[in-house]
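Undergrad: As input, take work-v4.txt (compact mmCIF, C-alpha atoms):
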```txt
# COMPACT_ATOMS: atom_id res chain seq x y z
CA MET A 1 7.60 9.65 -5.37
CA ALA A 2 5.22 7.30 -3.57
CA LEU A 3 3.94 10.13 -1.40
CA ARG A 4 3.23 12.24 -4.47
CA GLU A 5 1.04 9.46 -5.88
CA PHE A 6 -0.67 9.05 -2.51
CA LYS A 7 -1.46 12.77 -2.43
CA LYS A 8 -2.87 12.57 -5.95
CA ASP A 9 -5.17 9.72 -4.95
CA ARG A 10 -6.41 11.51 -1.82
CA GLU A 11 -7.16 14.55 -4.00
CA TYR A 12 -9.05 12.26 -6.37
CA LEU A 13 -11.11 10.95 -3.44
CA SER A 14 -11.83 14.46 -2.23
CA ALA A 15 -12.87 15.69 -5.69
CA ASN A 16 -15.11 12.66 -6.30
CA TYR A 17 -16.33 12.10 -2.75
CA ASP A 18 -20.05 12.64 -3.40
CA ARG A 19 -20.12 10.13 -6.24
CA LEU A 20 -17.92 7.56 -4.50
CA ILE A 21 -19.93 7.57 -1.28
CA GLN A 22 -23.08 6.88 -3.31
CA GLU A 23 -21.37 3.98 -5.07
CA HIS A 24 -19.67 2.57 -1.94
CA LYS A 25 -21.96 3.41 0.97
CA ASP A 26 -20.49 2.39 4.33
CA GLN A 27 -17.67 0.50 2.68
CA PHE A 28 -13.91 0.54 2.72
CA VAL A 29 -12.36 1.60 -0.58
CA VAL A 30 -8.81 1.25 -1.86
CA ILE A 31 -7.82 3.90 -4.38
CA GLN A 32 -4.75 3.61 -6.59
CA ASP A 33 -3.93 5.68 -9.69
CA GLU A 34 -7.23 7.53 -9.35
CA HIS A 35 -9.30 4.34 -9.51
CA VAL A 36 -11.17 2.33 -6.90
CA VAL A 37 -9.40 -1.01 -7.11
CA SER A 38 -11.29 -2.70 -4.28
CA SER A 39 -14.25 -2.02 -2.00
CA GLY A 40 -16.38 -3.80 0.56
CA LYS A 41 -17.57 -4.00 4.15
CA GLU A 42 -14.72 -6.04 5.62
CA LEU A 43 -11.31 -4.38 5.75
CA GLY A 44 -9.27 -7.58 5.54
CA GLU A 45 -11.08 -8.80 2.43
CA VAL A 46 -10.85 -5.40 0.75
CA LEU A 47 -7.11 -5.17 1.38
CA ALA A 48 -6.52 -8.76 0.24
CA LYS A 49 -8.41 -8.14 -2.99
CA ALA A 50 -6.47 -4.91 -3.60
CA ARG A 51 -3.17 -6.67 -2.95
CA GLY A 52 -4.15 -9.36 -5.45
CA ILE A 53 -4.68 -6.68 -8.10
CA ILE A 54 -1.93 -4.13 -7.45
CA GLY A 55 0.50 -6.08 -5.25
CA ASP A 56 2.67 -4.17 -2.79
CA ALA A 57 1.54 -0.87 -4.32
CA VAL A 58 -1.37 -1.19 -1.90
CA ASN A 59 1.03 0.00 0.83
CA HIS A 60 0.96 3.46 -0.71
CA SER A 61 -2.67 3.46 -1.79
CA VAL A 62 -5.45 5.44 -0.17
CA VAL A 63 -7.67 3.34 2.09
CA LYS A 64 -10.77 5.07 3.41
CA TYR A 65 -14.08 4.16 4.99
CA LEU A 66 -16.96 5.98 3.29
CA SER A 67 -19.44 6.40 6.08
CA THR A 68 -22.92 7.79 5.51
CA ARG A 69 -23.39 8.27 9.23
CA LYS A 70 -22.46 11.70 10.46
CA THR A 71 -20.56 11.41 13.70
CA GLU A 72 -18.44 13.79 15.66
CA MET A 73 -14.88 12.66 16.09
CA VAL A 74 -13.35 12.88 19.53
CA VAL A 75 -9.86 11.41 19.86
CA MET B 1 9.81 22.85 6.00
CA ARG B 2 6.47 24.59 5.93
CA ILE B 3 3.31 22.64 5.18
CA THR B 4 0.24 24.76 4.56
CA GLY B 5 -3.37 23.87 3.93
CA THR B 6 -7.02 24.58 4.49
CA ILE B 7 -8.86 22.90 7.32
CA PRO B 8 -11.63 20.79 5.75
CA LYS B 9 -15.24 20.87 6.87
CA GLU B 10 -14.63 18.01 9.31
CA ASP B 11 -12.34 20.39 11.25
CA LEU B 12 -9.55 17.83 11.31
CA ILE B 13 -6.04 18.41 10.01
CA PHE B 14 -4.58 15.42 8.21
CA VAL B 15 -1.04 15.42 6.88
CA PRO B 16 0.08 12.89 4.26
CA VAL B 17 3.15 10.98 5.41
CA GLU B 18 5.34 8.35 3.80
CA PHE B 19 6.97 6.04 6.32
CA LYS B 20 9.60 3.31 6.36
CA ILE B 21 10.06 0.76 9.12
CA ASP B 22 13.72 -0.24 9.27
CA LYS B 23 13.39 -3.51 11.17
CA PHE B 24 10.79 -5.08 8.90
CA LYS B 25 11.80 -3.30 5.68
CA LEU B 26 8.21 -2.19 5.25
CA GLU B 27 6.97 1.09 3.88
CA GLY B 28 3.72 2.84 3.16
CA SER B 29 1.85 6.10 2.99
CA ALA B 30 -0.93 7.32 5.23
CA ASP B 31 -2.84 10.36 6.40
CA PHE B 32 -1.85 11.31 9.94
CA LEU B 33 -4.20 13.34 12.10
CA ILE B 34 -2.56 16.25 13.91
CA ASP B 35 -3.78 15.64 17.44
CA THR B 36 -2.60 17.92 20.25
CA GLY B 37 -4.82 15.89 22.59
CA SER B 38 -2.76 12.76 22.13
CA THR B 39 0.48 12.23 24.01
CA THR B 40 1.65 9.52 21.63
CA SER B 41 1.98 9.15 17.88
CA PHE B 42 1.10 5.86 16.20
CA ILE B 43 -0.12 4.10 13.10
CA ASN B 44 -3.58 2.64 13.41
CA GLU B 45 -4.86 -0.82 12.58
CA SER B 46 -5.92 -0.17 8.97
CA VAL B 47 -2.38 0.92 8.12
CA VAL B 48 -0.83 -1.97 10.04
CA ARG B 49 -2.99 -4.35 8.01
CA LYS B 50 -2.42 -2.44 4.77
CA ILE B 51 1.36 -2.88 4.93
CA LYS B 52 1.09 -6.41 6.41
CA LEU B 53 2.89 -5.54 9.62
CA ASP B 54 2.45 -8.46 12.00
CA TYR B 55 1.37 -7.51 15.55
CA SER B 56 2.95 -10.72 16.86
CA GLN B 57 6.35 -9.33 15.83
CA LEU B 58 5.78 -6.20 17.92
CA LEU B 59 6.14 -5.59 21.62
CA TYR B 60 2.86 -5.11 23.49
CA VAL B 61 3.35 -2.11 25.76
CA GLY B 62 -0.10 -1.81 27.33
CA ASN B 63 -3.45 -0.25 26.67
CA SER B 64 -3.96 3.30 25.51
CA THR B 65 -6.89 5.16 27.00
CA GLY B 66 -9.00 7.75 25.21
CA VAL B 67 -12.47 9.24 25.41
CA GLY B 68 -13.77 6.38 23.25
CA GLY B 69 -12.29 3.63 25.39
CA GLU B 70 -9.12 1.58 25.30
CA ALA B 71 -7.02 -0.03 22.61
CA GLU B 72 -3.90 -2.14 22.60
CA MET B 73 -0.64 -0.34 21.91
CA TYR B 74 2.41 -2.01 20.42
CA GLU B 75 5.97 -0.81 19.91
CA ILE B 76 7.80 -1.12 16.60
CA GLU B 77 11.39 -1.76 17.61
CA GLY B 78 14.07 0.38 15.98
CA PHE B 79 13.51 3.35 13.73
CA THR B 80 10.38 4.25 11.84
CA ARG B 81 11.17 7.05 9.42
CA LEU B 82 8.46 9.56 8.61
CA PHE B 83 8.80 11.61 5.42
CA PHE B 84 6.99 14.87 4.80
CA GLU B 85 6.79 16.74 1.51
CA ALA B 86 5.89 20.29 0.60
CA GLY B 87 6.50 21.42 -2.97
CA ASN B 88 9.93 20.12 -3.92
CA GLU B 89 11.07 19.81 -0.31
CA ARG B 90 11.23 16.48 1.48
CA LYS B 91 12.04 16.04 5.13
CA GLU B 92 12.82 12.91 7.09
CA CYS B 93 11.76 12.61 10.71
CA PRO B 94 13.19 9.42 12.29
CA ARG B 95 11.29 8.15 15.33
CA LYS B 96 12.60 5.42 17.59
CA ASN B 97 10.21 2.74 18.83
CA PHE B 98 7.18 4.16 17.05
CA ARG B 99 3.79 2.80 18.10
CA ALA B 100 1.03 0.79 16.42
CA MET B 101 -2.54 0.54 17.74
CA LYS B 102 -4.86 -2.47 17.67
CA HIS B 103 -8.57 -2.49 18.43
CA ASN B 104 -10.74 -5.15 20.01
CA PHE B 105 -14.33 -4.07 19.48
CA CYS B 106 -17.18 -5.14 21.70
CA GLU B 107 -20.17 -6.68 19.93
CA HIS B 108 -22.40 -3.69 20.63
CA ILE B 109 -20.21 -1.27 18.67
CA PRO B 110 -21.99 -0.68 15.33
CA LEU B 111 -20.09 -1.85 12.25
CA ASP B 112 -19.95 1.60 10.72
CA VAL B 113 -18.40 2.99 13.91
CA GLN B 114 -15.84 0.19 13.86
CA GLY B 115 -15.13 1.06 10.24
CA LYS B 116 -14.52 4.69 11.06
CA VAL B 117 -12.23 3.88 13.97
CA LEU B 118 -10.27 1.31 11.97
CA ALA B 119 -9.89 3.65 9.03
CA LEU B 120 -8.23 6.39 11.04
CA GLU B 121 -4.76 5.89 9.63
CA GLY B 122 -2.38 7.49 12.05
CA ILE B 123 -1.97 10.08 14.77
CA LEU B 124 0.78 12.62 15.19
CA GLY B 125 0.58 13.44 18.88
CA MET B 126 2.46 15.77 21.16
CA ASP B 127 5.58 13.58 21.28
CA VAL B 128 6.17 14.64 17.66
CA ILE B 129 4.28 17.93 17.40
CA LYS B 130 5.98 19.64 20.33
CA GLY B 131 9.10 20.13 18.24
CA TRP B 132 7.09 21.88 15.52
CA ARG B 133 5.22 25.12 15.07
CA LEU B 134 1.50 24.90 14.35
CA ALA B 135 -0.44 28.03 13.50
CA ILE B 136 -4.14 28.23 12.68
CA ALA B 137 -5.63 31.38 11.20
CA GLY B 138 -9.27 31.10 10.29
CA SER B 139 -9.58 28.00 8.17
CA ASN B 140 -5.92 27.95 7.14
CA TYR B 141 -3.13 26.15 8.92
CA THR B 142 0.64 26.27 8.75
CA LEU B 143 2.78 23.49 10.08
CA GLU B 144 6.52 24.06 10.36
CA VAL B 145 8.16 20.68 10.57
```
How does the structure come out when it is put into structure tokens?
TA:
Amino acid sequence: MALREFKKDREYLSANYDRLIQEHKDQFVVIQDEHVVSSGKELGEVLAKARGIIGDAVNHSVVKYLSTRKTEMVV
Amino acid sequence: MRITGTIPKEDLIFVPVEFKIDKFKLEGSADFLIDTGSTTSFINESVVRKIKLDYSQLLYVGNSTGVGGEAEMYEIEGFTRLFFEAGNERKECPRKNFRAMKHNFCEHIPLDVQGKVLALEGILGMDVIKGWRLAIAGSNYTLEV
């Protein structure tokens, strides 16, 4: 059940990516139930704020960094 | 179980995974990158912090080396259970002593680069993938878990 909600939120991010990156440039965002519940530059603060709003549901929320810098990923 | 999808423009295949860590009774969901270039699977720092997993409760096993440098690797004692879903199917993949990565960035690493590295949620490396079948045809992929 939790994974289904997670998938829905990642689809929301994908469908709204262009708008969200304009609103949250180079920031972390936490998405839950198709809403951005927290955003900011520092991961710890963003997660703490999200946890204060949605509690342990943050564990299954989508957390992404919306970077405006195009970089190639080599892992 | 067969997971299918289209490779996005970033040319990276991410698979959504729910996971449960027996020892700490913690659970979460994360996107795992399918990485045939990695020998080891792990959850990355953003996920560790998201679920409030405490590094001090984990066993430090050494540094992991990649093209981008090194990072600390920790072992999560006991079983970490990975769950995959496709349609109405759900499959559990228990992994013993799963790993967690921690980064220590040098000052010269730009903040946005740090953000990108931190936000990588998890890696499914060859230790997990080698038991699967991965097929890529054009921009479509099929993963048989």
Undergrad: Please indicate the distance in Å from atom CA of B:Arg90 to atom CA of B:Gly5, rounded to one decimal place.
TA: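 Pair atom CA of B:Arg90 / atom CA of B:Gly5 returns 16.5 Å.
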Undergrad: Provide as a ChimeraX atom specification the residues of chain B at most 9 Å from chain A, counting all atoms listed in the file.
TA: /B:10,12,16-18,26-31,35,37-38,46-47,49-52,66-68,83-85,111-113,115-116,118-121
Undergrad: Hey, can you spit out that residue selection with C-alpha atoms as an mmCIF file, keeping the file's coordinate frame?
TA:
```cif
data_model
loop_
_atom_site.group_PDB
_atom_site.id
_atom_site.type_symbol
_atom_site.label_atom_id
_atom_site.label_comp_id
_atom_site.auth_asym_id
_atom_site.auth_seq_id
_atom_site.Cartn_x
_atom_site.Cartn_y
_atom_site.Cartn_z
ATOM 1 C CA GLU B 10 -14.630 18.010 9.310
ATOM 2 C CA LEU B 12 -9.550 17.830 11.310
ATOM 3 C CA PRO B 16 0.080 12.890 4.260
ATOM 4 C CA VAL B 17 3.150 10.980 5.410
ATOM 5 C CA GLU B 18 5.340 8.350 3.800
ATOM 6 C CA LEU B 26 8.210 -2.190 5.250
ATOM 7 C CA GLU B 27 6.970 1.090 3.880
ATOM 8 C CA GLY B 28 3.720 2.840 3.160
ATOM 9 C CA SER B 29 1.850 6.100 2.990
ATOM 10 C CA ALA B 30 -0.930 7.320 5.230
ATOM 11 C CA ASP B 31 -2.840 10.360 6.400
ATOM 12 C CA ASP B 35 -3.780 15.640 17.440
ATOM 13 C CA GLY B 37 -4.820 15.890 22.590
ATOM 14 C CA SER B 38 -2.760 12.760 22.130
ATOM 15 C CA SER B 46 -5.920 -0.170 8.970
ATOM 16 C CA VAL B 47 -2.380 0.920 8.120
ATOM 17 C CA ARG B 49 -2.990 -4.350 8.010
ATOM 18 C CA LYS B 50 -2.420 -2.440 4.770
ATOM 19 C CA ILE B 51 1.360 -2.880 4.930
ATOM 20 C CA LYS B 52 1.090 -6.410 6.410
ATOM 21 C CA GLY B 66 -9.000 7.750 25.210
ATOM 22 C CA VAL B 67 -12.470 9.240 25.410
ATOM 23 C CA GLY B 68 -13.770 6.380 23.250
ATOM 24 C CA PHE B 83 8.800 11.610 5.420
ATOM 25 C CA PHE B 84 6.990 14.870 4.800
ATOM 26 C CA GLU B 85 6.790 16.740 1.510
ATOM 27 C CA LEU B 111 -20.090 -1.850 12.250
ATOM 28 C CA ASP B 112 -19.950 1.600 10.720
ATOM 29 C CA VAL B 113 -18.400 2.990 13.910
ATOM 30 C CA GLY B 115 -15.130 1.060 10.240
ATOM 31 C CA LYS B 116 -14.520 4.690 11.060
ATOM 32 C CA LEU B 118 -10.270 1.310 11.970
ATOM 33 C CA ALA B 119 -9.890 3.650 9.030
ATOM 34 C CA LEU B 120 -8.230 6.390 11.040
ATOM 35 C CA GLU B 121 -4.760 5.890 9.630
#
```
Undergrad: Name the residues in contact with B:Ser139 at a cut-off of 12 Å, using all atoms listed in the file, excluding same-chain residues fewer than 5 positions from it; report them as a ChimeraX atom specification.
TA: /B:4-13
Undergrad: To one decimal in Å, tell me the separation between atom CA of A:Lys25 and atom CA of A:Glu45.
TA: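 One can read the atom CA of A:Lys25 to atom CA of A:Glu45 distance as 16.4 Å.
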Undergrad: Residues within 7 Å of B:Leu82, please, as a PDB file with C-alpha atoms, in the coordinates of the input. Count all atoms listed in the file; anything in the same chain fewer than 4 positions from it doesn't count.
TA:
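Ended up saving to result_33.pdb:
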```
ATOM      1  CA  VAL B  17       3.150  10.980   5.410  1.00  0.00           C
ATOM      2  CA  GLU B  18       5.340   8.350   3.800  1.00  0.00           C
ATOM      3  CA  PHE B  19       6.970   6.040   6.320  1.00  0.00           C
ATOM      4  CA  LYS B  20       9.600   3.310   6.360  1.00  0.00           C
ATOM      5  CA  GLU B  92      12.820  12.910   7.090  1.00  0.00           C
ATOM      6  CA  CYS B  93      11.760  12.610  10.710  1.00  0.00           C
ATOM      7  CA  PRO B  94      13.190   9.420  12.290  1.00  0.00           C
TER       8      PRO B  94
END
```
Undergrad: Using Å and a single decimal, report how far atom CA of B:Gly69 sits from atom CA of B:Gln57.
TA: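 Atom CA of B:Gly69 lies 24.6 Å from atom CA of B:Gln57.
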Undergrad: Find the spatial neighbours of B:Gly125, counting all atoms listed in the file, within a cut-off of 10 Å - ignore same-chain residues fewer than 5 positions away - and output them as a PyMOL selection string.
TA: chain B and resi 32-42+130
Undergrad: Just checking: using all atoms listed in the file, which residue out of B:Met1, B:Met126, B:Asn63, B:Glu72 ends up closest to B:Thr142?
TA: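 Once distances to B:Thr142 are computed over all atoms listed in the file, the minimum belongs to B:Met1.
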Undergrad: Which polymer residues, whether protein, DNA or RNA, lie within 12 Å of the coordinate (1.5, 25.4, 16.5) when you count all atoms listed in the file? List them as a list in words, using the chain letters and numbers from the file.
TA: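 Every residue inside that radius is included here: Arg2, Ile3, Ile34, Asp35, Thr36, Met126, Val128, Ile129, Lys130, Gly131, Trp132, Arg133, Leu134, Ala135, Ile136, Ala137, Tyr141, Thr142, Leu143, Glu144 and Val145 of chain B.
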Undergrad: Using the selection just defined, write its residues with C-alpha atoms as an mmCIF file, in the frame of the given file.
TA:
```
data_model
loop_
_atom_site.group_PDB
_atom_site.id
_atom_site.type_symbol
_atom_site.label_atom_id
_atom_site.label_comp_id
_atom_site.auth_asym_id
_atom_site.auth_seq_id
_atom_site.Cartn_x
_atom_site.Cartn_y
_atom_site.Cartn_z
ATOM 1 C CA ARG B 2 6.470 24.590 5.930
ATOM 2 C CA ILE B 3 3.310 22.640 5.180
ATOM 3 C CA ILE B 34 -2.560 16.250 13.910
ATOM 4 C CA ASP B 35 -3.780 15.640 17.440
ATOM 5 C CA THR B 36 -2.600 17.920 20.250
ATOM 6 C CA MET B 126 2.460 15.770 21.160
ATOM 7 C CA VAL B 128 6.170 14.640 17.660
ATOM 8 C CA ILE B 129 4.280 17.930 17.400
ATOM 9 C CA LYS B 130 5.980 19.640 20.330
ATOM 10 C CA GLY B 131 9.100 20.130 18.240
ATOM 11 C CA TRP B 132 7.090 21.880 15.520
ATOM 12 C CA ARG B 133 5.220 25.120 15.070
ATOM 13 C CA LEU B 134 1.500 24.900 14.350
ATOM 14 C CA ALA B 135 -0.440 28.030 13.500
ATOM 15 C CA ILE B 136 -4.140 28.230 12.680
ATOM 16 C CA ALA B 137 -5.630 31.380 11.200
ATOM 17 C CA TYR B 141 -3.130 26.150 8.920
ATOM 18 C CA THR B 142 0.640 26.270 8.750
ATOM 19 C CA LEU B 143 2.780 23.490 10.080
ATOM 20 C CA GLU B 144 6.520 24.060 10.360
ATOM 21 C CA VAL B 145 8.160 20.680 10.570
#
```
